[in-house]
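Novice: One file is attached below, protein-v6.txt, containing compact mmCIF, C-alpha atoms.
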```txt
# COMPACT_ATOMS: atom_id res chain seq x y z
CA MET A 59 -122.96 -23.70 -53.19
CA ILE A 60 -124.11 -27.22 -52.43
CA ASN A 61 -121.05 -28.71 -54.11
CA LYS A 62 -118.52 -26.40 -52.45
CA PRO A 63 -117.81 -28.58 -49.37
CA ASN A 64 -117.19 -31.58 -51.61
CA HIS A 65 -114.86 -29.50 -53.78
CA VAL A 66 -112.92 -28.35 -50.69
CA THR A 67 -112.69 -31.92 -49.42
CA ALA A 68 -111.41 -33.17 -52.78
CA THR A 69 -108.82 -30.38 -52.93
CA LYS A 70 -107.56 -31.21 -49.43
CA LYS A 71 -107.36 -34.88 -50.33
CA LYS A 72 -105.27 -34.10 -53.41
CA TYR A 73 -103.01 -31.82 -51.38
CA HIS A 74 -102.37 -34.45 -48.70
CA GLN A 75 -101.77 -37.05 -51.41
CA LEU A 76 -99.13 -34.82 -52.99
CA ARG A 77 -97.48 -34.29 -49.60
CA ARG A 78 -97.21 -38.04 -49.20
CA GLU A 79 -95.84 -38.45 -52.72
CA VAL A 80 -93.16 -35.79 -52.18
CA ILE A 81 -92.05 -37.35 -48.89
CA LYS A 82 -92.02 -40.84 -50.42
CA HIS A 83 -89.88 -39.78 -53.39
CA LEU A 84 -87.40 -38.02 -51.11
CA TYR A 85 -87.32 -41.11 -48.88
CA TYR A 86 -86.45 -43.37 -51.82
CA ASN A 87 -84.06 -40.98 -53.59
CA ASP A 88 -82.25 -39.12 -50.79
CA MET A 89 -82.02 -35.74 -52.58
CA LEU A 90 -84.13 -34.28 -55.39
CA THR A 91 -84.67 -30.95 -57.10
CA LEU A 92 -88.08 -29.35 -57.50
CA MET A 93 -88.04 -30.20 -61.20
CA GLU A 94 -87.26 -33.86 -60.43
CA LEU A 95 -90.09 -33.95 -57.89
CA SER A 96 -92.43 -32.41 -60.47
CA LYS A 97 -91.58 -35.13 -62.98
CA LEU A 98 -91.88 -37.95 -60.44
CA THR A 99 -95.23 -36.77 -59.05
CA HIS A 100 -96.60 -35.68 -62.45
CA LYS A 101 -97.64 -32.36 -60.89
CA SER A 102 -96.90 -28.79 -61.95
CA LEU A 103 -93.73 -27.11 -60.73
CA PRO A 104 -95.62 -24.30 -58.90
CA LEU A 105 -97.78 -26.84 -57.05
CA VAL A 106 -94.76 -28.94 -56.05
CA THR A 107 -92.90 -25.78 -54.96
CA THR A 108 -95.79 -24.76 -52.70
CA THR A 109 -95.96 -28.26 -51.19
CA VAL A 110 -92.21 -28.40 -50.54
CA ASN A 111 -92.33 -24.97 -48.91
CA ASP A 112 -95.12 -26.17 -46.62
CA LEU A 113 -93.12 -29.28 -45.70
CA MET A 114 -90.07 -27.12 -44.98
CA ALA A 115 -92.17 -24.94 -42.68
CA GLU A 116 -93.28 -28.09 -40.82
CA GLY A 117 -89.70 -29.34 -40.52
CA TYR A 118 -90.11 -32.39 -42.75
CA VAL A 119 -87.86 -31.14 -45.57
CA LEU A 120 -84.58 -29.22 -45.72
CA GLU A 121 -82.66 -27.44 -48.44
CA HIS A 122 -79.43 -29.33 -49.06
CA GLY A 123 -77.49 -27.22 -51.54
CA LEU A 124 -77.07 -26.99 -55.28
CA ALA A 125 -77.36 -29.93 -57.68
CA PRO A 126 -74.46 -30.72 -60.05
CA SER A 127 -74.29 -28.43 -63.06
CA THR A 128 -76.08 -29.55 -66.22
CA GLY A 129 -75.03 -26.55 -68.26
CA GLY A 130 -77.44 -23.98 -66.88
CA ARG A 131 -78.25 -22.49 -63.52
CA ARG A 132 -77.75 -25.07 -60.77
CA ALA A 133 -80.97 -26.06 -59.01
CA LEU A 134 -81.50 -26.41 -55.28
CA THR A 135 -81.81 -29.92 -53.89
CA PHE A 136 -84.03 -31.01 -51.01
CA LEU A 137 -83.98 -33.93 -48.59
CA LEU A 138 -85.91 -35.16 -45.60
CA ASN A 139 -84.96 -33.72 -42.23
CA GLN A 140 -83.22 -36.27 -40.03
CA GLN A 141 -84.02 -34.15 -36.99
CA LYS A 142 -87.77 -34.37 -37.59
CA GLN A 143 -88.95 -36.60 -34.78
CA ARG A 144 -90.69 -39.23 -36.88
CA TYR A 145 -89.65 -42.87 -36.82
CA ILE A 146 -90.51 -46.18 -38.45
CA ILE A 147 -90.59 -49.55 -36.73
CA ALA A 148 -89.55 -52.31 -39.14
CA VAL A 149 -90.12 -55.98 -38.33
CA ALA A 150 -88.82 -58.86 -40.45
CA MET A 151 -90.10 -62.30 -39.56
CA ASP A 152 -89.38 -65.79 -40.81
CA GLN A 153 -90.52 -69.12 -39.44
CA LEU A 154 -87.84 -69.14 -36.74
CA VAL A 155 -86.48 -65.63 -36.16
CA THR A 156 -87.98 -62.16 -35.76
CA GLN A 157 -85.90 -58.98 -36.17
CA VAL A 158 -86.95 -55.46 -35.26
CA VAL A 159 -85.31 -52.07 -35.72
CA ILE A 160 -86.33 -48.42 -35.59
CA TYR A 161 -85.32 -46.18 -38.49
CA ASP A 162 -85.49 -42.43 -38.91
CA LEU A 163 -86.74 -40.84 -42.14
CA LEU A 164 -83.31 -41.21 -43.74
CA ASN A 165 -83.40 -44.97 -43.09
CA GLN A 166 -80.66 -44.63 -40.52
CA VAL A 167 -80.87 -46.89 -37.48
CA LYS A 168 -82.22 -45.04 -34.44
CA THR A 169 -82.07 -47.97 -32.02
CA GLU A 170 -79.97 -51.11 -32.26
CA PRO A 171 -81.74 -54.03 -33.96
CA GLU A 172 -82.95 -56.84 -31.74
CA ILE A 173 -83.40 -60.46 -32.77
CA ARG A 174 -85.67 -62.93 -31.04
CA ARG A 175 -86.25 -66.59 -31.82
CA LEU A 176 -89.99 -66.94 -32.33
CA SER A 177 -91.17 -70.16 -33.95
CA LEU A 178 -94.35 -69.30 -35.81
CA ARG A 179 -97.44 -71.42 -35.32
CA ASP A 180 -101.14 -71.01 -35.90
CA ASP A 181 -101.97 -70.33 -32.27
CA GLN A 182 -102.64 -67.47 -29.91
CA GLU A 183 -99.30 -67.91 -28.13
CA SER A 184 -97.38 -66.86 -31.26
CA THR A 185 -99.45 -63.68 -31.48
CA LYS A 186 -98.99 -62.95 -27.79
CA ALA A 187 -95.23 -63.50 -27.98
CA LEU A 188 -94.94 -61.13 -30.95
CA VAL A 189 -96.93 -58.40 -29.19
CA GLU A 190 -94.88 -58.69 -25.99
CA PHE A 191 -91.61 -58.59 -27.94
CA LEU A 192 -92.57 -55.46 -29.88
CA LYS A 193 -94.03 -53.68 -26.84
CA GLY A 194 -90.83 -54.30 -24.90
CA TYR A 195 -88.63 -53.08 -27.74
CA ILE A 196 -90.65 -49.90 -28.28
CA LEU A 197 -90.71 -49.15 -24.55
CA SER A 198 -86.94 -49.62 -24.20
CA SER A 199 -86.32 -47.27 -27.15
CA GLY A 200 -87.68 -44.31 -25.20
CA ILE A 201 -89.54 -43.10 -28.30
CA SER A 202 -93.13 -42.02 -27.76
CA ASN A 203 -95.99 -43.32 -29.88
CA GLU A 204 -96.61 -39.80 -31.17
CA GLU A 205 -93.18 -39.86 -32.84
CA ILE A 206 -93.77 -43.20 -34.60
CA LEU A 207 -95.33 -43.20 -38.07
CA GLY A 208 -96.20 -46.88 -37.93
CA VAL A 209 -95.07 -50.49 -37.72
CA GLY A 210 -94.32 -52.49 -40.86
CA ILE A 211 -94.18 -56.27 -40.56
CA GLY A 212 -93.11 -58.77 -43.20
CA MET A 213 -94.11 -62.32 -42.31
CA PRO A 214 -94.34 -65.76 -43.92
CA GLY A 215 -97.64 -67.32 -44.88
CA PHE A 216 -100.66 -66.59 -47.02
CA VAL A 217 -100.95 -62.91 -46.16
CA ASN A 218 -103.72 -60.73 -47.52
CA ALA A 219 -102.13 -57.30 -47.10
CA GLU A 220 -105.28 -55.42 -48.09
CA HIS A 221 -107.45 -57.08 -45.45
CA GLY A 222 -104.72 -57.53 -42.84
CA ILE A 223 -105.06 -61.30 -42.51
CA ASN A 224 -102.46 -64.06 -42.28
CA HIS A 225 -104.21 -67.31 -43.12
CA THR A 226 -101.20 -69.47 -42.17
CA PHE A 227 -99.94 -68.17 -38.83
CA PHE A 228 -101.20 -66.16 -35.83
CA LYS A 229 -104.54 -67.28 -34.52
CA ILE A 230 -106.54 -64.49 -32.86
CA LYS A 231 -109.30 -65.19 -30.40
CA GLY A 232 -112.66 -63.93 -31.63
CA GLU A 233 -111.35 -62.29 -34.80
CA GLY A 234 -109.23 -62.99 -37.86
CA ASN A 235 -107.79 -59.58 -38.65
CA LEU A 236 -104.18 -59.61 -37.50
CA LYS A 237 -103.48 -56.06 -38.64
CA ASN A 238 -106.35 -54.62 -36.57
CA HIS A 239 -105.41 -56.75 -33.58
CA LEU A 240 -101.77 -55.58 -33.61
CA THR A 241 -102.82 -51.95 -34.17
CA LYS A 242 -105.04 -52.16 -31.09
CA GLU A 243 -102.43 -53.91 -28.94
CA LEU A 244 -99.53 -51.61 -29.87
CA GLY A 245 -101.52 -48.39 -30.13
CA LEU A 246 -99.85 -47.67 -33.48
CA PRO A 247 -100.74 -48.03 -37.16
CA VAL A 248 -99.61 -51.50 -38.24
CA PHE A 249 -99.16 -52.74 -41.81
CA ILE A 250 -98.48 -56.38 -42.65
CA ASP A 251 -97.45 -58.17 -45.82
CA ASN A 252 -95.86 -61.40 -47.00
CA ASP A 253 -92.11 -61.51 -46.34
CA SER A 254 -91.21 -62.20 -49.97
CA SER A 255 -93.36 -59.31 -51.15
CA ILE A 256 -91.63 -56.78 -48.93
CA ILE A 257 -88.19 -58.12 -49.87
CA ALA A 258 -89.15 -57.49 -53.49
CA LEU A 259 -90.26 -53.99 -52.49
CA ALA A 260 -86.88 -53.36 -50.86
CA GLU A 261 -85.03 -54.49 -53.99
CA LEU A 262 -87.27 -52.29 -56.14
CA LYS A 263 -86.75 -49.17 -54.03
CA PHE A 264 -83.19 -49.58 -52.72
CA GLY A 265 -81.54 -52.56 -54.40
CA ALA A 266 -80.79 -54.14 -57.75
CA GLY A 267 -84.31 -53.53 -59.08
CA LYS A 268 -84.28 -49.75 -58.62
CA GLY A 269 -85.45 -48.03 -61.78
CA LEU A 270 -86.59 -51.26 -63.46
CA LYS A 271 -90.12 -52.28 -64.38
CA ASP A 272 -90.04 -56.09 -64.56
CA VAL A 273 -88.13 -57.83 -61.77
CA MET A 274 -88.50 -61.20 -60.05
CA VAL A 275 -87.06 -61.39 -56.51
CA VAL A 276 -86.46 -64.87 -55.10
CA ASN A 277 -86.45 -65.06 -51.31
CA ILE A 278 -84.17 -67.99 -50.41
CA GLY A 279 -84.70 -68.98 -46.80
CA TRP A 280 -86.55 -71.57 -44.73
CA GLY A 281 -88.80 -71.72 -47.78
CA ILE A 282 -88.42 -70.35 -51.31
CA GLY A 283 -90.55 -67.25 -51.79
CA LEU A 284 -91.07 -64.95 -54.74
CA GLY A 285 -91.92 -61.29 -55.08
CA MET A 286 -92.93 -60.13 -58.55
CA VAL A 287 -92.55 -56.60 -59.81
CA ILE A 288 -94.43 -56.10 -63.07
CA ASN A 289 -94.60 -52.76 -64.84
CA GLY A 290 -92.95 -51.09 -61.85
CA SER A 291 -95.44 -52.31 -59.24
CA LEU A 292 -95.70 -55.28 -56.92
CA PHE A 293 -97.89 -57.92 -58.56
CA ARG A 294 -100.19 -59.75 -56.15
CA GLY A 295 -102.56 -61.62 -58.44
CA HIS A 296 -106.34 -61.76 -58.39
CA SER A 297 -106.78 -62.75 -54.73
CA GLY A 298 -103.51 -61.33 -53.36
CA TYR A 299 -101.47 -64.53 -53.06
CA ALA A 300 -99.30 -64.52 -56.21
CA GLY A 301 -95.69 -65.66 -55.88
CA GLU A 302 -95.91 -69.08 -54.21
CA PHE A 303 -92.72 -70.20 -55.94
CA SER A 304 -92.06 -72.81 -53.25
CA HIS A 305 -95.01 -74.85 -54.40
CA ILE A 306 -94.17 -75.31 -58.07
CA PRO A 307 -94.19 -79.15 -58.46
CA LEU A 308 -90.56 -79.68 -59.48
CA SER A 309 -89.38 -82.16 -56.86
CA GLN A 310 -88.83 -85.74 -57.94
CA SER A 311 -89.29 -86.98 -54.37
CA ASN A 312 -92.52 -88.03 -52.75
CA LYS A 313 -91.98 -85.91 -49.64
CA LEU A 314 -94.96 -84.16 -48.13
CA CYS A 315 -94.71 -80.36 -48.21
CA SER A 316 -95.89 -78.06 -45.42
CA CYS A 317 -98.75 -77.04 -47.73
CA GLY A 318 -100.10 -80.61 -47.67
CA LYS A 319 -99.12 -81.46 -51.26
CA ARG A 320 -96.29 -83.56 -52.65
CA GLY A 321 -93.58 -82.69 -55.15
CA CYS A 322 -93.18 -79.01 -54.22
CA LEU A 323 -89.88 -77.25 -54.91
CA GLU A 324 -89.62 -76.40 -51.20
CA VAL A 325 -89.16 -80.01 -50.09
CA ASP A 326 -85.75 -80.12 -51.82
CA THR A 327 -84.54 -76.53 -51.55
CA SER A 328 -85.48 -74.91 -48.22
CA LEU A 329 -82.67 -74.31 -45.73
CA LEU A 330 -84.44 -76.55 -43.22
CA ILE A 331 -84.29 -79.44 -45.69
CA LEU A 332 -80.65 -78.76 -46.56
CA VAL A 333 -79.71 -78.88 -42.87
CA GLU A 334 -81.55 -82.18 -42.44
CA ARG A 335 -79.74 -83.59 -45.47
CA ALA A 336 -76.37 -82.51 -44.08
CA LYS A 337 -77.09 -84.05 -40.67
CA SER A 338 -78.20 -87.30 -42.32
CA GLN A 339 -74.99 -87.58 -44.36
CA ILE A 340 -72.83 -86.74 -41.34
CA ALA A 341 -74.62 -89.48 -39.40
CA SER A 342 -73.80 -91.93 -42.21
CA GLY A 343 -70.09 -91.12 -41.91
CA VAL A 344 -69.46 -88.19 -44.25
CA SER A 345 -66.79 -85.84 -42.88
CA SER A 346 -67.75 -82.16 -42.58
CA SER A 347 -67.01 -79.10 -40.49
CA LEU A 348 -70.76 -78.96 -39.90
CA GLU A 349 -70.48 -81.82 -37.42
CA HIS A 350 -68.90 -79.41 -34.92
CA LEU A 351 -70.70 -76.28 -36.06
CA PHE A 352 -74.12 -77.82 -35.42
CA LEU A 353 -73.14 -78.28 -31.76
CA ASP A 354 -73.11 -74.50 -31.35
CA GLU A 355 -76.70 -73.60 -30.50
CA THR A 356 -76.08 -69.86 -30.31
CA LYS A 357 -76.73 -69.80 -34.06
CA LEU A 358 -79.42 -71.43 -36.13
CA PRO A 359 -78.34 -74.60 -37.98
CA GLY A 360 -79.25 -72.94 -41.28
CA ASP A 361 -76.83 -70.10 -40.61
CA HIS A 362 -74.08 -72.59 -39.75
CA PHE A 363 -74.83 -74.40 -43.01
CA LEU A 364 -74.50 -71.21 -45.08
CA GLU A 365 -71.27 -70.22 -43.34
CA ALA A 366 -69.80 -73.67 -43.97
CA ALA A 367 -70.77 -73.44 -47.64
CA LYS A 368 -69.12 -70.02 -47.97
CA ALA A 369 -66.00 -71.41 -46.27
CA GLY A 370 -65.83 -74.16 -48.89
CA ASP A 371 -67.02 -77.17 -46.86
CA PRO A 372 -67.46 -79.90 -49.55
CA LEU A 373 -70.63 -81.37 -48.07
CA ALA A 374 -72.36 -78.01 -47.63
CA VAL A 375 -71.32 -76.82 -51.10
CA SER A 376 -72.55 -80.04 -52.73
CA ILE A 377 -75.95 -79.96 -51.01
CA LEU A 378 -76.41 -76.26 -51.73
CA ALA A 379 -75.45 -76.70 -55.38
CA ASP A 380 -78.07 -79.45 -55.83
CA ALA A 381 -80.73 -77.18 -54.35
CA ALA A 382 -79.60 -74.22 -56.46
CA PHE A 383 -79.91 -76.31 -59.63
CA LEU A 384 -83.55 -77.04 -58.81
CA ILE A 385 -84.15 -73.36 -58.05
CA GLY A 386 -82.64 -72.57 -61.45
CA LYS A 387 -85.04 -75.03 -63.05
CA GLY A 388 -87.90 -73.14 -61.43
CA LEU A 389 -86.46 -69.82 -62.61
CA ALA A 390 -86.39 -71.17 -66.17
CA THR A 391 -90.15 -71.61 -65.86
CA LEU A 392 -90.54 -68.01 -64.66
CA ILE A 393 -88.42 -66.68 -67.52
CA HIS A 394 -90.61 -68.49 -70.03
CA ILE A 395 -93.80 -67.06 -68.51
CA ILE A 396 -92.81 -63.54 -67.36
CA ASN A 397 -89.74 -62.67 -69.48
CA PRO A 398 -88.32 -60.39 -66.75
CA LYS A 399 -85.45 -57.97 -67.17
CA LEU A 400 -83.87 -59.08 -63.90
CA ILE A 401 -84.03 -61.90 -61.35
CA VAL A 402 -82.60 -61.05 -57.92
CA LEU A 403 -81.56 -63.75 -55.45
CA SER A 404 -82.30 -62.30 -52.03
CA GLY A 405 -83.14 -63.34 -48.48
CA ARG A 406 -81.11 -65.25 -45.91
CA GLY A 407 -79.84 -67.88 -48.35
CA ALA A 408 -78.54 -65.31 -50.83
CA THR A 409 -75.60 -64.67 -48.52
CA ALA A 410 -74.09 -67.80 -50.10
CA GLY A 411 -73.55 -65.59 -53.13
CA LYS A 412 -71.48 -67.02 -55.96
CA ILE A 413 -72.02 -70.62 -54.86
CA LEU A 414 -75.63 -70.30 -56.03
CA MET A 415 -74.91 -68.73 -59.38
CA ALA A 416 -73.13 -71.53 -61.26
CA PRO A 417 -75.75 -74.29 -60.70
CA ILE A 418 -78.63 -71.85 -61.26
CA GLN A 419 -77.10 -70.70 -64.54
CA GLN A 420 -76.46 -74.32 -65.53
CA ALA A 421 -80.14 -75.15 -65.02
CA ILE A 422 -81.26 -72.12 -67.00
CA ASN A 423 -78.90 -73.06 -69.83
CA GLU A 424 -80.36 -76.56 -69.82
CA PHE A 425 -84.07 -75.78 -69.48
CA CYS A 426 -84.62 -72.27 -70.83
CA ILE A 427 -84.97 -71.17 -74.45
CA PRO A 428 -81.75 -69.21 -75.16
CA ARG A 429 -83.53 -66.32 -76.86
CA LEU A 430 -85.45 -65.68 -73.63
CA ALA A 431 -82.65 -66.46 -71.20
CA GLU A 432 -80.16 -64.06 -72.81
CA TYR A 433 -82.43 -61.09 -72.07
CA THR A 434 -82.74 -61.88 -68.35
CA ASP A 435 -79.99 -60.90 -65.92
CA ILE A 436 -79.52 -62.79 -62.66
CA GLN A 437 -77.89 -61.07 -59.69
CA VAL A 438 -77.26 -61.81 -56.04
CA SER A 439 -78.73 -59.09 -53.83
CA GLU A 440 -76.36 -56.62 -52.23
CA ILE A 441 -78.89 -55.83 -49.49
CA SER A 442 -79.99 -59.39 -48.68
CA THR A 443 -79.07 -59.19 -44.99
CA GLU A 444 -81.29 -56.13 -44.46
CA SER A 445 -83.83 -56.47 -47.27
CA GLY A 446 -86.55 -57.74 -44.92
CA LEU A 447 -86.21 -54.75 -42.58
CA LEU A 448 -85.93 -52.22 -45.41
CA GLY A 449 -89.00 -53.72 -47.03
CA ALA A 450 -90.93 -53.50 -43.77
CA ALA A 451 -89.96 -49.83 -43.43
CA THR A 452 -91.08 -49.22 -47.02
CA LEU A 453 -94.43 -50.78 -46.13
CA VAL A 454 -94.98 -48.01 -43.57
CA VAL A 455 -93.87 -45.25 -45.94
CA GLU A 456 -96.22 -46.52 -48.63
CA ASN A 457 -99.26 -46.61 -46.35
CA CYS A 458 -98.94 -44.16 -43.43
CA ASN A 459 -100.21 -40.59 -43.13
CA PHE A 460 -97.48 -37.99 -42.63
CA ASN A 461 -99.17 -35.63 -40.19
```
Would you write the structure of this file as structure tokens?
Specialist:
Amino acid sequence: MINKPNHVTATKKKYHQLRREVIKHLYYNDMLTLMELSKLTHKSLPLVTTTVNDLMAEGYVLEHGLAPSTGGRRALTFLLNQQKQRYIIAVAMDQLVTQVVIYDLLNQVKTEPEIRRLSLRDDQESTKALVEFLKGYILSSGISNEEILGVGIGMPGFVNAEHGINHTFFKIKGEGNLKNHLTKELGLPVFIDNDSSIIALAELKFGAGKGLKDVMVVNIGWGIGLGMVINGSLFRGHSGYAGEFSHIPLSQSNKLCSCGKRGCLEVDTSLLILVERAKSQIASGVSSSLEHLFLDETKLPGDHFLEAAKAGDPLAVSILADAAFLIGKGLATLIHIINPKLIVLSGRGATAGKILMAPIQQAINEFCIPRLAEYTDIQVSEISTESGLLGAATLVVENCNFN
């Protein structure tokens, strides 16, 4: 009799865990049968059936019709209920721009995305500006806090997701826990992670990495980030900071990196550096469409640079190709160490697409052992423009309680 309360508590915990697992698998896979859910959750079919019935009674799950025939009796499929009033706030941040959107449980946009230029710094003003921006967006959506499952935020910097701390940006008066501070200010569960990690999560769940176990996702942007999926899970390393691809010492220059060291890959490959290089060459007399594009301040210079490269501007293509070759040299190192099935080029810079592929492949051919290189595929992400927001939404789904 003494152990009965503990047994009841353990049973409830397992039940709620299964509920979460069922909802998560439906979120990632759109429609599933009971048998498919049983296999994915590693739970018995009767137990999964009971859980799905409970979720249907609560309005979370709907029957969707019969699955395609496999030779026997066609099984019913189930999906999450779009009409269930539960929403996810997804926030994707980089050093210069912050995007926010509200999704429903089918990952469909509930409110139009909003973009705000927020230059990140290690001060209290950055934190205050972020809070005010998110409060205003949530208020204008007309959605109550009771309908929101949580806020997922992907951000640059040395982020310890487990402890909710960003050691690079966002100073908080009297405390260091950014996650707790934002949760208190917004009145909602908040989950934070490194931007490259959540982009990798998005590729694993919705993009090129879906169904694979060993995938490297390179986040090409104002820096060069890396998210590593090993054995089907995000790899964070011993202290939670694995994936600092930007700071592999591959640069031949003596430029000082933002990390305080010299020779980092970032000093020759980040979009900020590529823009500076283009402006310098234009100033020295090189002709380029960028000379006029940079005058338009409604867009960031990095976006102008990428658009010029995609349009075939010789200067932009040349500068981008040089950077891509160095990135490829770094990827050759990763292939030697990790031997991944797939490398995905994602993030803002991946919109340049095919322009990146040739110099990256050239570097891999030059620096990578062929026997290793031939077993690694390299692809440009098909969800690069929304991978940050999808990853932030996934962060909520992975961590929230579905009550």
Novice: May I have the residues within 6 Å of segment 256-270 of chain A as a list in words, using all atoms listed in the file and disregarding those fewer than 4 positions away in the same chain?
Specialist: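 Selected residues are Val275, Gly285, Ser445, Gly446, Leu448 and Gly449 of chain A.
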Novice: Excluding Gln157 of chain A and any residue of its chain fewer than 2 positions from it, enumerate the residues within 12 Å of it, using all atoms listed in the file, and give them as a PyMOL selection string.
Specialist: chain A and resi 147-155+159-160+170-176+188+191-192+195+210-213+443-448+450
Novice: Within 12 Å of segment 331-339 of chain A, counting only C-alpha atoms, which residues qualify if same-chain residues fewer than 2 places away don't, as a VMD selection string?
Specialist: chain A and resid 278 to 282 313 to 316 323 to 329 341 to 353 358 to 364 366 to 367 371 to 382 407
Novice: Determine the nearest neighbour of Leu392 of chain A from the options A:Gly295, A:Gly245, A:Gly301, A:Pro126, counting all atoms listed in the file.
Specialist: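 Smallest distance to Leu392 of chain A is found for A:Gly301.
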Novice: Find, counting all atoms listed in the file, the residue in A:Pro417, A:Lys193, A:Glu94, A:His221 that gets nearest to Lys242 of chain A.
Specialist: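 For Lys242 of chain A, the nearest of the given residues is A:Lys193.
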Novice: Could you state the separation of atom CA of Arg77 of chain A and atom CA of Lys237 of chain A in Å, given to one decimal place?
Specialist: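 That distance, rounded to one decimal, is 25.1 Å.
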Novice: How far is it from atom CA of Ile418 of chain A to atom CA of Phe383 of chain A, in Å with one decimal?
Specialist: 4.9 Å
Novice: Take atom CA of Phe460 of chain A and atom CA of Ala115 of chain A and report the distance between them in Å, one decimal.
Specialist: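 So the two atoms, atom CA of Phe460 of chain A and atom CA of Ala115 of chain A, lie 14.1 Å apart.
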Novice: Please provide as an MDAnalysis selection string all residues within 12 Å of Thr107 of chain A, with the sequence filter that same-chain residues fewer than 6 positions apart are discarded (counting only C-alpha atoms).
Specialist: chainID A and resid 76:77 80 91:96 99 101 113:114 119 134:136
Novice: Which residues of segment 243-329 of chain A come within 10 Å of segment 201-205 of chain A, and for each one, what is the closest pair of atoms and their distance in Å to one decimal, counting only C-alpha atoms, sorted by chain and residue number, as a tab-separated table?
Specialist:
```
residue	atom	partner	partner_atom	distance
A:Leu244	CA	A:Asn203	CA	9.0
A:Gly245	CA	A:Asn203	CA	7.5
A:Leu246	CA	A:Asn203	CA	6.8
A:Pro247	CA	A:Asn203	CA	9.9
```
Novice: Could all heavy atoms be built for segment 96-100 of chain A and written out as a compact mmCIF listing (two decimals), in the coordinates of the input?
Specialist:
```txt
# COMPACT_ATOMS: atom_id res chain seq x y z
N SER A 96 -91.31 -32.68 -59.57
CA SER A 96 -92.43 -32.41 -60.47
C SER A 96 -92.62 -33.54 -61.46
O SER A 96 -93.74 -33.99 -61.73
CB SER A 96 -92.19 -31.08 -61.20
OG SER A 96 -93.23 -30.83 -62.12
N LYS A 97 -91.51 -34.04 -62.02
CA LYS A 97 -91.58 -35.13 -62.98
C LYS A 97 -92.04 -36.43 -62.32
O LYS A 97 -92.84 -37.18 -62.89
CB LYS A 97 -90.22 -35.33 -63.65
CG LYS A 97 -89.84 -34.21 -64.60
CD LYS A 97 -88.46 -34.45 -65.21
CE LYS A 97 -88.09 -33.33 -66.17
NZ LYS A 97 -86.72 -33.53 -66.75
N LEU A 98 -91.53 -36.70 -61.13
CA LEU A 98 -91.88 -37.95 -60.44
C LEU A 98 -93.32 -37.97 -59.98
O LEU A 98 -93.97 -39.02 -59.97
CB LEU A 98 -90.93 -38.16 -59.25
CG LEU A 98 -89.49 -38.55 -59.59
CD1 LEU A 98 -88.61 -38.42 -58.35
CD2 LEU A 98 -89.43 -39.98 -60.14
N THR A 99 -93.85 -36.83 -59.56
CA THR A 99 -95.23 -36.77 -59.05
C THR A 99 -96.24 -36.46 -60.15
O THR A 99 -97.45 -36.56 -59.92
CB THR A 99 -95.36 -35.70 -57.96
OG1 THR A 99 -94.99 -34.43 -58.51
CG2 THR A 99 -94.48 -36.03 -56.75
N HIS A 100 -95.72 -36.06 -61.33
CA HIS A 100 -96.60 -35.68 -62.45
C HIS A 100 -97.49 -34.49 -62.08
O HIS A 100 -98.65 -34.41 -62.48
CB HIS A 100 -97.46 -36.86 -62.92
CG HIS A 100 -96.67 -38.08 -63.26
ND1 HIS A 100 -95.88 -38.16 -64.39
CD2 HIS A 100 -96.53 -39.27 -62.61
CE1 HIS A 100 -95.31 -39.35 -64.43
NE2 HIS A 100 -95.68 -40.03 -63.37
```
